[in-house]
$ cat my_file20.tsv   # TSV, C-alpha atoms
chain	number	residue	atom	x	y	z
A	483	MET	CA	30.41	134.52	-31.21
A	484	ASP	CA	27.17	136.36	-31.90
A	485	LYS	CA	24.79	133.97	-33.68
A	486	SER	CA	23.19	136.87	-35.55
A	487	SER	CA	26.52	137.72	-37.19
A	488	GLU	CA	27.00	136.74	-40.82
A	489	ASN	CA	30.31	135.20	-39.80
A	490	TYR	CA	28.65	132.77	-37.39
A	491	ILE	CA	28.11	130.15	-40.10
A	492	TYR	CA	31.84	130.16	-40.89
A	493	TYR	CA	32.63	129.88	-37.18
A	494	LEU	CA	30.17	126.99	-36.79
A	495	VAL	CA	31.49	125.05	-39.78
A	496	ALA	CA	35.11	125.70	-38.75
A	497	ARG	CA	34.60	124.32	-35.24
A	498	ASN	CA	32.78	121.25	-36.57
A	499	LEU	CA	35.35	120.72	-39.31
A	500	ARG	CA	38.19	120.78	-36.79
A	501	ARG	CA	36.35	118.37	-34.47
A	502	LEU	CA	35.52	115.93	-37.27
A	503	ARG	CA	38.99	116.12	-38.84
A	504	LYS	CA	40.66	115.41	-35.51
A	505	SER	CA	38.26	112.54	-34.82
A	506	LYS	CA	39.59	110.97	-38.04
A	507	HIS	CA	43.16	111.54	-36.80
A	508	MET	CA	44.08	113.78	-39.74
A	509	THR	CA	46.36	116.78	-39.63
A	510	GLN	CA	45.37	119.90	-41.51
A	511	SER	CA	47.98	119.05	-44.15
A	512	GLU	CA	46.74	115.48	-44.58
A	513	PHE	CA	43.15	116.67	-44.82
A	514	ALA	CA	44.07	119.40	-47.31
A	515	GLU	CA	45.85	116.89	-49.52
A	516	LYS	CA	42.87	114.52	-49.51
A	517	CYS	CA	40.55	117.42	-50.38
A	518	ASN	CA	42.91	118.78	-53.04
A	519	TYR	CA	43.11	122.17	-51.27
A	520	SER	CA	46.11	123.98	-49.90
A	521	PRO	CA	47.02	123.52	-46.22
A	522	GLY	CA	46.78	127.31	-45.85
A	523	PHE	CA	43.16	127.26	-47.01
A	524	ILE	CA	42.25	124.65	-44.37
A	525	MET	CA	44.25	126.54	-41.76
A	526	ASN	CA	42.37	129.76	-42.60
A	527	ILE	CA	39.00	128.01	-42.36
A	528	GLU	CA	39.83	126.56	-38.94
A	529	SER	CA	41.36	129.81	-37.69
A	530	GLU	CA	39.66	131.48	-34.75
A	531	LYS	CA	40.81	134.91	-35.88
A	532	TYR	CA	39.93	134.82	-39.56
A	533	TYR	CA	36.73	133.99	-41.43
A	534	GLN	CA	37.63	132.24	-44.67
A	535	THR	CA	34.71	131.97	-47.08
A	536	PHE	CA	34.07	128.75	-48.97
A	537	SER	CA	31.52	127.28	-51.34
A	538	LEU	CA	28.89	124.61	-50.90
A	539	GLY	CA	31.00	122.47	-53.20
A	540	THR	CA	33.87	122.82	-50.75
A	541	LEU	CA	31.62	121.69	-47.89
A	542	TRP	CA	30.50	118.73	-49.97
A	543	THR	CA	34.16	117.78	-50.55
A	544	PHE	CA	34.89	118.09	-46.81
A	545	ALA	CA	31.96	115.82	-45.94
A	546	LYS	CA	32.98	113.29	-48.58
A	547	VAL	CA	36.62	113.16	-47.39
A	548	LEU	CA	35.51	112.91	-43.75
A	549	ASP	CA	32.89	110.29	-44.67
A	550	VAL	CA	30.13	112.17	-42.83
A	551	ASP	CA	26.76	113.59	-43.76
A	552	ILE	CA	27.22	117.23	-44.80
A	553	ARG	CA	24.73	118.24	-42.09
A	554	GLU	CA	27.30	117.30	-39.45
A	555	LEU	CA	29.26	120.39	-40.47
A	556	PHE	CA	26.30	122.47	-39.26
A	557	GLU	CA	25.78	120.75	-35.90
A	558	PRO	CA	24.99	123.26	-33.14
A	559	LEU	CA	27.84	123.90	-30.74
A	560	ASP	CA	27.31	123.35	-27.06
A	561	ASP	CA	27.77	126.40	-24.84
A	562	GLU	CA	31.05	125.09	-23.39
A	563	VAL	CA	32.66	124.87	-26.86
A	564	GLN	CA	31.50	128.39	-27.69
A	565	LYS	CA	32.91	129.80	-24.44
A	566	ARG	CA	36.34	128.21	-25.08
A	567	ASN	CA	36.49	129.53	-28.64

$ encode --input "my_file20.tsv" --output "structure tokens"
Amino acid sequence: MDKSSENYIYYLVARNLRRLRKSKHMTQSEFAEKCNYSPGFIMNIESEKYYQTFSLGTLWTFAKVLDVDIRELFEPLDDEVQKRN
């Protein structure tokens, strides 16, 4: 993923969201329910083929449900993660 692309921020958040959600042992459906979003919305965000837009309020909700600092959703990806995705 080209870091100069506008879509990079969605890619970055999506990869971190998936990592954090899985570390809490939540499925996409469980996470969606806790966030009060549809499972399809979460699936679209985490998709590697689609860039779902979302608001800062949505990110705040994600961080709250995951019990993490919102900045963790913007953690840089290591090169190995980027190559796999």

$ closest_residue --input "my_file20.tsv" --among "A:Ile524, A:Asn498, A:Tyr492, A:Ile552" --to "Gly539 in chain A" --atoms "all atoms listed in the file"
A:Ile552

$ closest_residue --input "my_file20.tsv" --among "A:Lys516, A:Arg553, A:Lys506, A:Lys531" --to "Asn489 in chain A" --atoms "all atoms listed in the file"
A:Lys531

$ atom_distance --input "my_file20.tsv" --atom1 "CA of Leu499 in chain A" --atom2 "CA of Met483 in chain A"
16.7 Å

$ closest_residue --input "my_file20.tsv" --among "A:Arg500, A:Asn518, A:Tyr493, A:Val547" --to "Gln534 in chain A" --atoms "all atoms listed in the file"
A:Tyr493

$ residues_around --input "my_file20.tsv" --residues "Glu530 in chain A" --least-positions-apart "3" --cutoff "9 Å" --atoms "only C-alpha atoms" --output "MDAnalysis selection string"
chainID A and resid 493 496:497 526:527 533 567

$ atom_distance --input "my_file20.tsv" --atom1 "CA of Val550 in chain A" --atom2 "CA of His507 in chain A"
14.4 Å

$ atom_distance --input "my_file20.tsv" --atom1 "CA of Phe544 in chain A" --atom2 "CA of Tyr490 in chain A"
18.5 Å

$ closest_residue --input "my_file20.tsv" --among "A:Thr543, A:Ser529, A:Thr509, A:Ser486" --to "Leu555 in chain A" --atoms "only C-alpha atoms"
A:Thr543

$ residues_around --input "my_file20.tsv" --residues "Thr540 in chain A" --least-positions-apart "5" --cutoff "10 Å" --atoms "only C-alpha atoms" --output "list in words"
Cys517, Tyr519, Thr535, Ala545 and Lys546 of chain A

$ closest_residue --input "my_file20.tsv" --among "A:Glu515, A:Glu554, A:Pro521, A:Lys485" --to "Trp542 in chain A" --atoms "all atoms listed in the file"
A:Glu554

$ closest_residue --input "my_file20.tsv" --among "A:Arg501, A:Val495, A:Ala514, A:Phe523" --to "Leu538 in chain A" --atoms "all atoms listed in the file"
A:Val495

$ build_atoms --input "my_file20.tsv" --residues "range 519-551 of chain A" --atoms "N, CA and C atoms" --output "mmCIF file, in the coordinates of the input"
data_model
loop_
_atom_site.group_PDB
_atom_site.id
_atom_site.type_symbol
_atom_site.label_atom_id
_atom_site.label_comp_id
_atom_site.auth_asym_id
_atom_site.auth_seq_id
_atom_site.Cartn_x
_atom_site.Cartn_y
_atom_site.Cartn_z
ATOM 1 N N TYR A 519 43.025 120.744 -51.614
ATOM 2 C CA TYR A 519 43.110 122.170 -51.270
ATOM 3 C C TYR A 519 44.463 122.410 -50.623
ATOM 4 N N SER A 520 44.840 123.659 -50.530
ATOM 5 C CA SER A 520 46.110 123.980 -49.900
ATOM 6 C C SER A 520 45.970 123.885 -48.378
ATOM 7 N N PRO A 521 47.069 123.536 -47.698
ATOM 8 C CA PRO A 521 47.020 123.520 -46.220
ATOM 9 C C PRO A 521 46.660 124.897 -45.655
ATOM 10 N N GLY A 522 47.106 125.956 -46.312
ATOM 11 C CA GLY A 522 46.780 127.310 -45.850
ATOM 12 C C GLY A 522 45.295 127.599 -45.887
ATOM 13 N N PHE A 523 44.609 127.072 -46.893
ATOM 14 C CA PHE A 523 43.160 127.260 -47.010
ATOM 15 C C PHE A 523 42.461 126.590 -45.827
ATOM 16 N N ILE A 524 42.851 125.368 -45.511
ATOM 17 C CA ILE A 524 42.250 124.650 -44.370
ATOM 18 C C ILE A 524 42.596 125.373 -43.071
ATOM 19 N N MET A 525 43.833 125.814 -42.953
ATOM 20 C CA MET A 525 44.250 126.540 -41.760
ATOM 21 C C MET A 525 43.412 127.811 -41.589
ATOM 22 N N ASN A 526 43.177 128.539 -42.674
ATOM 23 C CA ASN A 526 42.370 129.760 -42.600
ATOM 24 C C ASN A 526 40.931 129.456 -42.198
ATOM 25 N N ILE A 527 40.376 128.378 -42.725
ATOM 26 C CA ILE A 527 39.000 128.010 -42.360
ATOM 27 C C ILE A 527 38.910 127.703 -40.874
ATOM 28 N N GLU A 528 39.865 126.961 -40.358
ATOM 29 C CA GLU A 528 39.830 126.560 -38.940
ATOM 30 C C GLU A 528 40.325 127.642 -37.990
ATOM 31 N N SER A 529 40.832 128.721 -38.515
ATOM 32 C CA SER A 529 41.360 129.810 -37.690
ATOM 33 C C SER A 529 40.258 130.424 -36.830
ATOM 34 N N GLU A 530 40.611 130.799 -35.632
ATOM 35 C CA GLU A 530 39.660 131.480 -34.750
ATOM 36 C C GLU A 530 39.711 132.989 -34.924
ATOM 37 N N LYS A 531 40.639 133.468 -35.711
ATOM 38 C CA LYS A 531 40.810 134.910 -35.880
ATOM 39 C C LYS A 531 40.446 135.403 -37.270
ATOM 40 N N TYR A 532 40.147 134.477 -38.168
ATOM 41 C CA TYR A 532 39.930 134.820 -39.560
ATOM 42 C C TYR A 532 38.722 134.051 -40.071
ATOM 43 N N TYR A 533 37.897 134.677 -40.883
ATOM 44 C CA TYR A 533 36.730 133.990 -41.430
ATOM 45 C C TYR A 533 36.938 133.805 -42.927
ATOM 46 N N GLN A 534 37.392 132.613 -43.277
ATOM 47 C CA GLN A 534 37.630 132.240 -44.670
ATOM 48 C C GLN A 534 36.294 131.804 -45.281
ATOM 49 N N THR A 535 35.927 132.393 -46.392
ATOM 50 C CA THR A 535 34.710 131.970 -47.080
ATOM 51 C C THR A 535 34.990 130.718 -47.892
ATOM 52 N N PHE A 536 33.937 129.981 -48.190
ATOM 53 C CA PHE A 536 34.070 128.750 -48.970
ATOM 54 C C PHE A 536 32.714 128.440 -49.592
ATOM 55 N N SER A 537 32.734 127.599 -50.591
ATOM 56 C CA SER A 537 31.520 127.280 -51.340
ATOM 57 C C SER A 537 30.817 126.046 -50.789
ATOM 58 N N LEU A 538 29.606 125.841 -51.255
ATOM 59 C CA LEU A 538 28.890 124.610 -50.900
ATOM 60 C C LEU A 538 29.606 123.401 -51.468
ATOM 61 N N GLY A 539 30.215 123.558 -52.622
ATOM 62 C CA GLY A 539 31.000 122.470 -53.200
ATOM 63 C C GLY A 539 32.161 122.081 -52.309
ATOM 64 N N THR A 540 32.778 123.074 -51.688
ATOM 65 C CA THR A 540 33.870 122.820 -50.750
ATOM 66 C C THR A 540 33.355 122.027 -49.551
ATOM 67 N N LEU A 541 32.208 122.422 -49.026
ATOM 68 C CA LEU A 541 31.620 121.690 -47.890
ATOM 69 C C LEU A 541 31.295 120.258 -48.286
ATOM 70 N N TRP A 542 30.799 120.063 -49.494
ATOM 71 C CA TRP A 542 30.500 118.730 -49.970
ATOM 72 C C TRP A 542 31.774 117.887 -50.014
ATOM 73 N N THR A 543 32.867 118.481 -50.511
ATOM 74 C CA THR A 543 34.160 117.780 -50.550
ATOM 75 C C THR A 543 34.606 117.421 -49.141
ATOM 76 N N PHE A 544 34.490 118.358 -48.198
ATOM 77 C CA PHE A 544 34.890 118.090 -46.810
ATOM 78 C C PHE A 544 34.111 116.891 -46.265
ATOM 79 N N ALA A 545 32.795 116.899 -46.456
ATOM 80 C CA ALA A 545 31.960 115.820 -45.940
ATOM 81 C C ALA A 545 32.341 114.483 -46.579
ATOM 82 N N LYS A 546 32.606 114.512 -47.856
ATOM 83 C CA LYS A 546 32.980 113.290 -48.580
ATOM 84 C C LYS A 546 34.301 112.732 -48.038
ATOM 85 N N VAL A 547 35.309 113.595 -47.885
ATOM 86 C CA VAL A 547 36.620 113.160 -47.390
ATOM 87 C C VAL A 547 36.510 112.658 -45.947
ATOM 88 N N LEU A 548 35.687 113.311 -45.143
ATOM 89 C CA LEU A 548 35.510 112.910 -43.750
ATOM 90 C C LEU A 548 34.554 111.730 -43.582
ATOM 91 N N ASP A 549 33.866 111.385 -44.671
ATOM 92 C CA ASP A 549 32.890 110.290 -44.670
ATOM 93 C C ASP A 549 31.795 110.549 -43.632
ATOM 94 N N VAL A 550 31.234 111.777 -43.709
ATOM 95 C CA VAL A 550 30.130 112.170 -42.830
ATOM 96 C C VAL A 550 29.031 112.806 -43.675
ATOM 97 N N ASP A 551 27.850 112.867 -43.124
ATOM 98 C CA ASP A 551 26.760 113.590 -43.760
ATOM 99 C C ASP A 551 27.089 115.080 -43.681
#
